[in-house]
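Colleague: Encoded as structure tokens, here's the structure I'll be asking about.
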Amino acid sequence: MSKKRKMTEEEKMAWENLYNYVKSNIMGYDENQALSSTMVLRLKGLLTNKFIENGNITSTANYSYEVILNTFKFCSPTINKALRTNSWTNEMHRFNYILKIVESNINNVYLRMKNVQKTKEEAKNTTIDTANHIGADYQRKTKEVNNKLLNDLW
């Protein structure tokens, strides 16, 4: 059995952002309520594409908390519609329904985020020297001024 690794400070902050978003924005809980331990394990299971976080189940993916949070945000209109139009027997049933919506969109959000990162890297590595065009300066062929036309104007 493998040892659990500790979360970095960045991961802890990302987890807190995800937890608080799901708790307040998705589930509608106030500051006196908390997500159940089963809900927390379900959320953590999304990291590795597991139904629930469990060391005995083989991981099949490696998402970040940021990807999961962005997927919740992306799915928010669909989730809100589902919450308004359906009824559930209990909170866990409601939460599992929400996670099914998220699970079906997580790869799309992951690919979008990956493409954004790739585009940023390409933009960072692009030089703008090729965009500069040094053309010929305009030079007048003659130095004569047509005074007749100017005089006719006055």
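Starting from 1 in every chain, residues are counted up; chains themselves are A, B, ... following the order of the structure tokens, and ligands are numbered from 1 as listed.
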Once you count only C-alpha atoms, what closest atom pair and distance in Å to one decimal does each residue of range 54-138 of chain A within 7 Å of range 7-18 of chain A have, with rows by chain and rising residue number, as a tab-separated table?
Modeller:
residue	atom	partner	partner_atom	distance
A:Tyr65	CA	A:Ala14	CA	5.7
A:Glu66	CA	A:Ala14	CA	6.3
A:Leu69	CA	A:Leu18	CA	5.3
Colleague: Export N, CA, C and O atoms of the chosen residues as a PDB file, in the first residue's frame?
Modeller:
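Okay, this is what ended up in selection09.pdb:
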ATOM      1  N   TYR A  65      -7.300  20.498  -8.759  1.00  0.00           N
ATOM      2  CA  TYR A  65      -8.461  21.116  -8.129  1.00  0.00           C
ATOM      3  C   TYR A  65      -8.954  22.299  -8.967  1.00  0.00           C
ATOM      4  O   TYR A  65     -10.147  22.582  -9.015  1.00  0.00           O
ATOM      5  N   GLU A  66      -8.024  22.963  -9.643  1.00  0.00           N
ATOM      6  CA  GLU A  66      -8.400  24.096 -10.492  1.00  0.00           C
ATOM      7  C   GLU A  66      -9.278  23.638 -11.661  1.00  0.00           C
ATOM      8  O   GLU A  66     -10.256  24.294 -12.006  1.00  0.00           O
ATOM      9  N   LEU A  69     -12.704  22.866 -10.183  1.00  0.00           N
ATOM     10  CA  LEU A  69     -13.414  24.107  -9.874  1.00  0.00           C
ATOM     11  C   LEU A  69     -13.940  24.763 -11.147  1.00  0.00           C
ATOM     12  O   LEU A  69     -15.095  25.176 -11.210  1.00  0.00           O
TER      13      LEU A  69
END
Colleague: Do you know which residues are at most 10 Å from Asn108 in chain A counting only C-alpha atoms, after dropping those on the same chain fewer than 5 positions away, and could you put them as a PyMOL selection string?
Modeller: chain A and resi 71+74+103+113-114
Colleague: Could the residues in this selection be saved with all heavy atoms as an mmCIF file, in the first residue's frame?
Modeller:
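Heads up, here's the output in result-v4.cif:
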data_model
loop_
_atom_site.group_PDB
_atom_site.id
_atom_site.type_symbol
_atom_site.label_atom_id
_atom_site.label_comp_id
_atom_site.auth_asym_id
_atom_site.auth_seq_id
_atom_site.Cartn_x
_atom_site.Cartn_y
_atom_site.Cartn_z
ATOM 1 N N THR A 71 -14.632 23.327 -13.912
ATOM 2 C CA THR A 71 -15.705 22.488 -14.445
ATOM 3 C C THR A 71 -17.012 22.779 -13.715
ATOM 4 O O THR A 71 -18.069 22.877 -14.350
ATOM 5 C CB THR A 71 -15.336 20.997 -14.341
ATOM 6 O OG1 THR A 71 -14.069 20.775 -14.971
ATOM 7 C CG2 THR A 71 -16.387 20.137 -15.024
ATOM 8 N N PHE A 74 -18.166 26.054 -15.091
ATOM 9 C CA PHE A 74 -18.645 25.867 -16.458
ATOM 10 C C PHE A 74 -20.036 25.224 -16.469
ATOM 11 O O PHE A 74 -20.892 25.593 -17.270
ATOM 12 C CB PHE A 74 -17.645 25.000 -17.244
ATOM 13 C CG PHE A 74 -18.093 24.632 -18.622
ATOM 14 C CD1 PHE A 74 -18.013 25.549 -19.661
ATOM 15 C CD2 PHE A 74 -18.582 23.361 -18.893
ATOM 16 C CE1 PHE A 74 -18.425 25.218 -20.938
ATOM 17 C CE2 PHE A 74 -18.999 23.022 -20.163
ATOM 18 C CZ PHE A 74 -18.919 23.958 -21.192
ATOM 19 N N GLU A 103 -18.768 15.350 -13.997
ATOM 20 C CA GLU A 103 -17.954 14.277 -14.577
ATOM 21 C C GLU A 103 -18.091 14.213 -16.096
ATOM 22 O O GLU A 103 -17.120 13.924 -16.792
ATOM 23 C CB GLU A 103 -18.342 12.923 -13.973
ATOM 24 C CG GLU A 103 -17.891 12.745 -12.544
ATOM 25 C CD GLU A 103 -18.488 11.512 -11.870
ATOM 26 O OE1 GLU A 103 -19.454 10.924 -12.431
ATOM 27 O OE2 GLU A 103 -18.003 11.147 -10.799
ATOM 28 N N MET A 113 -8.611 24.212 -20.959
ATOM 29 C CA MET A 113 -7.567 24.825 -20.130
ATOM 30 C C MET A 113 -6.180 24.492 -20.682
ATOM 31 O O MET A 113 -5.286 25.344 -20.678
ATOM 32 C CB MET A 113 -7.706 24.360 -18.673
ATOM 33 C CG MET A 113 -8.924 24.926 -17.979
ATOM 34 S SD MET A 113 -9.136 24.304 -16.296
ATOM 35 C CE MET A 113 -7.728 25.069 -15.475
ATOM 36 N N LYS A 114 -6.009 23.274 -21.160
ATOM 37 C CA LYS A 114 -4.731 22.867 -21.744
ATOM 38 C C LYS A 114 -4.444 23.683 -23.003
ATOM 39 O O LYS A 114 -3.311 24.129 -23.211
ATOM 40 C CB LYS A 114 -4.791 21.371 -22.074
ATOM 41 C CG LYS A 114 -3.492 20.768 -22.485
ATOM 42 C CD LYS A 114 -3.660 19.267 -22.664
ATOM 43 C CE LYS A 114 -2.409 18.659 -23.247
ATOM 44 N NZ LYS A 114 -2.582 17.226 -23.489
#
Colleague: Give me the residues within 7 Å of range 33-43 of chain A as number ranges by chain, counting only C-alpha atoms and dropping any in the same chain fewer than 4 places off.
Modeller: A: 23, 29, 51-53
Colleague: How would the residues just chosen look if you wrote them out with C-alpha atoms as a JSON list (two decimals), in the first residue's frame?
Modeller:
[["chain", "number", "residue", "atom", "x", "y", "z"],
["A", 23, "LYS", "CA", -20.49, 24.34, -0.42],
["A", 29, "TYR", "CA", -25.03, 25.91, 2.36],
["A", 51, "PHE", "CA", -16.29, 7.43, -7.74],
["A", 52, "ILE", "CA", -14.92, 8.09, -4.29],
["A", 53, "GLU", "CA", -11.38, 8.75, -3.02]]
Colleague: Applying 9 Å and only C-alpha atoms, which residues near range 76-79 of chain A remain after dropping the ones on its own chain fewer than 3 positions away? List them as a list in words.
Modeller: Asn25, Ile26, Thr71, Phe72, Lys73, Ala82, Leu83, Arg84, Tyr97, Ile98, Ile101 and Val102 of chain A
Colleague: Could you take the residues named above and write them with all heavy atoms, as a CSV table (one decimal), in the first residue's frame?
Modeller:
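This went into result_19.csv:
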chain,number,residue,atom,x,y,z
A,25,ASN,N,-21.9,28.0,-3.4
A,25,ASN,CA,-22.5,28.3,-4.7
A,25,ASN,C,-23.3,27.2,-5.3
A,25,ASN,O,-24.3,27.4,-6.0
A,25,ASN,CB,-21.4,28.8,-5.7
A,25,ASN,CG,-20.8,30.0,-5.3
A,25,ASN,OD1,-20.3,30.2,-4.1
A,25,ASN,ND2,-20.7,31.0,-6.2
A,26,ILE,N,-22.9,25.9,-5.1
A,26,ILE,CA,-23.6,24.8,-5.7
A,26,ILE,C,-24.6,24.2,-4.7
A,26,ILE,O,-25.8,24.1,-5.1
A,26,ILE,CB,-22.6,23.7,-6.1
A,26,ILE,CG1,-21.6,24.3,-7.1
A,26,ILE,CG2,-23.3,22.5,-6.7
A,26,ILE,CD1,-22.1,24.7,-8.4
A,71,THR,N,-14.6,23.3,-13.9
A,71,THR,CA,-15.7,22.5,-14.4
A,71,THR,C,-17.0,22.8,-13.7
A,71,THR,O,-18.1,22.9,-14.3
A,71,THR,CB,-15.3,21.0,-14.3
A,71,THR,OG1,-14.1,20.8,-15.0
A,71,THR,CG2,-16.4,20.1,-15.0
A,72,PHE,N,-16.9,22.9,-12.4
A,72,PHE,CA,-18.2,23.3,-11.6
A,72,PHE,C,-18.7,24.7,-12.1
A,72,PHE,O,-19.9,24.8,-12.3
A,72,PHE,CB,-17.9,23.4,-10.1
A,72,PHE,CG,-18.1,22.1,-9.4
A,72,PHE,CD1,-17.1,21.3,-9.1
A,72,PHE,CD2,-19.4,21.7,-9.0
A,72,PHE,CE1,-17.3,20.1,-8.4
A,72,PHE,CE2,-19.6,20.5,-8.4
A,72,PHE,CZ,-18.6,19.7,-8.1
A,73,LYS,N,-17.8,25.6,-12.4
A,73,LYS,CA,-18.2,26.9,-12.8
A,73,LYS,C,-18.8,26.8,-14.2
A,73,LYS,O,-19.8,27.5,-14.5
A,73,LYS,CB,-17.0,27.9,-12.8
A,73,LYS,CG,-16.6,28.3,-11.4
A,73,LYS,CD,-15.4,29.2,-11.4
A,73,LYS,CE,-15.1,29.6,-9.9
A,73,LYS,NZ,-13.9,30.5,-9.9
A,82,ALA,N,-30.9,22.0,-13.2
A,82,ALA,CA,-31.3,20.7,-12.6
A,82,ALA,C,-31.8,20.9,-11.2
A,82,ALA,O,-32.8,20.2,-10.8
A,82,ALA,CB,-30.1,19.8,-12.7
A,83,LEU,N,-31.2,21.8,-10.4
A,83,LEU,CA,-31.6,21.9,-9.0
A,83,LEU,C,-33.0,22.5,-9.0
A,83,LEU,O,-33.8,22.2,-8.0
A,83,LEU,CB,-30.6,22.8,-8.3
A,83,LEU,CG,-29.2,22.2,-8.1
A,83,LEU,CD1,-28.3,23.2,-7.4
A,83,LEU,CD2,-29.3,20.9,-7.3
A,84,ARG,N,-33.4,23.4,-9.9
A,84,ARG,CA,-34.7,24.0,-10.0
A,84,ARG,C,-35.8,23.0,-10.5
A,84,ARG,O,-36.9,23.1,-10.1
A,84,ARG,CB,-34.7,25.2,-10.9
A,84,ARG,CG,-34.1,26.5,-10.3
A,84,ARG,CD,-34.4,27.7,-11.2
A,84,ARG,NE,-34.2,27.5,-12.6
A,84,ARG,CZ,-33.1,27.6,-13.3
A,84,ARG,NH1,-32.0,28.0,-12.7
A,84,ARG,NH2,-33.1,27.4,-14.6
A,97,TYR,N,-26.1,13.6,-8.3
A,97,TYR,CA,-26.6,14.1,-9.6
A,97,TYR,C,-25.7,15.2,-10.1
A,97,TYR,O,-25.4,15.3,-11.3
A,97,TYR,CB,-28.0,14.6,-9.4
A,97,TYR,CG,-28.7,14.9,-10.7
A,97,TYR,CD1,-29.5,13.9,-11.4
A,97,TYR,CD2,-28.7,16.1,-11.3
A,97,TYR,CE1,-30.1,14.1,-12.6
A,97,TYR,CE2,-29.3,16.4,-12.5
A,97,TYR,CZ,-30.0,15.4,-13.1
A,97,TYR,OH,-30.7,15.7,-14.3
A,98,ILE,N,-25.4,16.2,-9.3
A,98,ILE,CA,-24.5,17.3,-9.6
A,98,ILE,C,-23.1,16.8,-10.1
A,98,ILE,O,-22.6,17.3,-11.1
A,98,ILE,CB,-24.3,18.3,-8.4
A,98,ILE,CG1,-25.6,19.0,-8.1
A,98,ILE,CG2,-23.2,19.2,-8.7
A,98,ILE,CD1,-25.7,19.7,-6.8
A,101,ILE,N,-23.1,15.5,-13.7
A,101,ILE,CA,-23.0,16.6,-14.6
A,101,ILE,C,-21.5,17.1,-14.8
A,101,ILE,O,-21.0,17.3,-15.9
A,101,ILE,CB,-23.9,17.8,-14.2
A,101,ILE,CG1,-25.4,17.4,-14.2
A,101,ILE,CG2,-23.6,19.0,-15.1
A,101,ILE,CD1,-26.3,18.4,-13.6
A,102,VAL,N,-20.9,17.2,-13.7
A,102,VAL,CA,-19.5,17.7,-13.7
A,102,VAL,C,-18.6,16.6,-14.3
A,102,VAL,O,-17.7,16.9,-15.2
A,102,VAL,CB,-19.0,18.0,-12.2
A,102,VAL,CG1,-17.5,18.2,-12.2
A,102,VAL,CG2,-19.7,19.2,-11.7
Colleague: Measure the distance from CA of Asn70 in chain A to CA of Ile106 in chain A in Å and round it to one decimal.
Modeller: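 According to the coordinates, CA of Asn70 in chain A and CA of Ile106 in chain A are separated by 8.7 Å.
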Colleague: Looking at only C-alpha atoms, which of A:Asn105, A:Lys118, A:Leu111, A:Asn20 is the one that sits closest to Cys75 in chain A?
Modeller: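 Closest to Cys75 in chain A of all the choices is A:Asn105.
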Colleague: If you measure from CA of Arg112 in chain A to CA of Asn62 in chain A, what distance in Å do you get, rounded to one decimal?
Modeller: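 Between CA of Arg112 in chain A and CA of Asn62 in chain A the gap is 15.6 Å.
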Colleague: What does the distance from CA of Leu47 in chain A to CA of Ala61 in chain A come to in Å, to one decimal?
Modeller: 7.0 Å
